[in-house]
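J.: First the structure, which I've put down as structure tokens, then a few questions once you've had a look.
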Amino acid sequence: MSGFLAKAKNTAIIAKIKGEIALLDREDKQQRQAFGVELYDLLDSMYSKSGWDKMPHFLGKESQQIKQIFDVCQLDIRQLLDSKDAKEREVEHLQIDRERALPPTTNKEKLAQAGKWMSSQGNEAKLKAESALLDHKMKARKGTFGIDVFSLVTGDASAESILGEDSSESSSKGGILSGVKSGISNQISKLSGDEKKIQDIIKKAKADDALIQQRKERKRREIARLQQEIS
């Protein structure tokens with residue numbers, strides 16, 4: 001009986017730990033989505049200001065694939081922005097029409113104007129709600145972008161990829177560790193403000209993700225131990 005109870009207890013604990021892993025998976029997804037919003041906004045800002053359309057060089061060999069994913073996302077976002085702008089213009093027109101309306105002089109005109117005013121207010125509220133929904137869709141789309149590129153942008157960047165050369169080239173030039181570090185420092189010093197921000201959020205995203213993965217791995221090991229006790 002005691003063996004049965006121990007097995008039942010371990011089974012319950014395993015179920016609980018699996019639930020905790022599911023929560024960590026959700027947290028991981030949310031972090032990647034938040035990362036996507038930040039990364040997209042920085043990339044979009046950088047391109048808007050500079051007019052160039054290349055990924056930051058420190059993203060290395062994955063930059064072209066990241067760029068393709070970004071371009072698709074940017075097109076989706078712009079379409080949503082166009083829809084939002086159209087709705088905001090409609091709101092402005094409704095407000096202008098109400099302001100320009102002539103004051104009523106008869107009871108009939110007052111009733112008619114009251115009806116128009118209520119209809120206009122209702123349409124404005126509807127348009128604002130639709131505009132807010134578009135904001136939500138844009139944020140969600142940026143979040144999907146974060147999930148799509150996360151593993152690409154958080155891959156470990158070697159000193160060579162940061163410098164834009166491979167290890168064989170570095171060796172042939174007689175580079176030593178101090179030289180590599182100096183080269184990296186010089187390269188980083190040339191980064192724009194937005195590029196430095198991108199590096200910072202990538203670094204933070206990697207650290208946050210590593211922490212979650214460590215917590216999940218500990219829980220998986222605990223499950224394996226409990227399952228071994230049951231068998």
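Labels used: A, B, ... for chains in the order of the structure tokens, numbers from 1 for residues in each chain, and numbers from 1 for ligands as shown.
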Within 9 Å of Lys216 in chain A, counting only C-alpha atoms, which residues show up once you throw out same-chain ones fewer than 3 positions away? Write them as a count of residues only, please.

T.: 10

J.: Give me, as a PyMOL selection string, all polymer residues having an atom no more than 12 Å from Asp28 in chain A, counting only C-alpha atoms and skipping those fewer than 2 positions away in the same chain.

T.: chain A and resi 21-26+30-35+146-147+150+205-216

J.: Go ahead and write the residues just picked, C-alpha atoms, as a compact mmCIF listing (two decimals), in the first residue's frame.

T.:
```txt
# COMPACT_ATOMS: atom_id res chain seq x y z
CA ILE A 21 6.84 23.90 -17.28
CA ALA A 22 3.78 24.90 -19.31
CA LEU A 23 3.70 28.22 -17.44
CA LEU A 24 7.39 28.73 -18.19
CA ASP A 25 6.69 28.01 -21.87
CA ARG A 26 4.03 30.72 -21.79
CA GLN A 30 5.54 36.34 -23.91
CA GLN A 31 9.16 37.43 -23.48
CA ARG A 32 9.90 36.65 -27.12
CA GLN A 33 6.83 38.60 -28.21
CA ALA A 34 7.88 41.60 -26.11
CA PHE A 35 11.37 41.28 -27.60
CA GLY A 146 9.95 38.30 -32.33
CA ILE A 147 9.09 34.61 -32.16
CA PHE A 150 14.41 34.97 -31.86
CA ALA A 205 16.67 38.58 -24.35
CA LYS A 206 19.40 35.93 -24.38
CA ALA A 207 19.89 36.23 -20.62
CA ASP A 208 16.16 36.05 -19.90
CA ASP A 209 15.72 33.07 -22.21
CA ALA A 210 18.70 31.24 -20.70
CA LEU A 211 17.22 31.68 -17.24
CA ILE A 212 13.89 30.20 -18.32
CA GLN A 213 15.58 27.29 -20.10
CA GLN A 214 17.62 26.53 -16.98
CA ARG A 215 14.49 26.50 -14.84
CA LYS A 216 12.75 24.20 -17.32
```

J.: Between A:Gln95, A:Thr105, A:Asn123, A:Ser83, single out the one closest to Lys137 in chain A, counting only C-alpha atoms.

T.: A:Ser83

J.: For each of A:Thr11, A:Phe145, A:Glu90, A:Leu133, take the minimum atom-to-atom distance to Ile66 in chain A, counting only C-alpha atoms, then give the residue where this is smallest.

T.: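 Ranking A:Thr11, A:Phe145, A:Glu90, A:Leu133 by distance to Ile66 in chain A, first place goes to A:Phe145.
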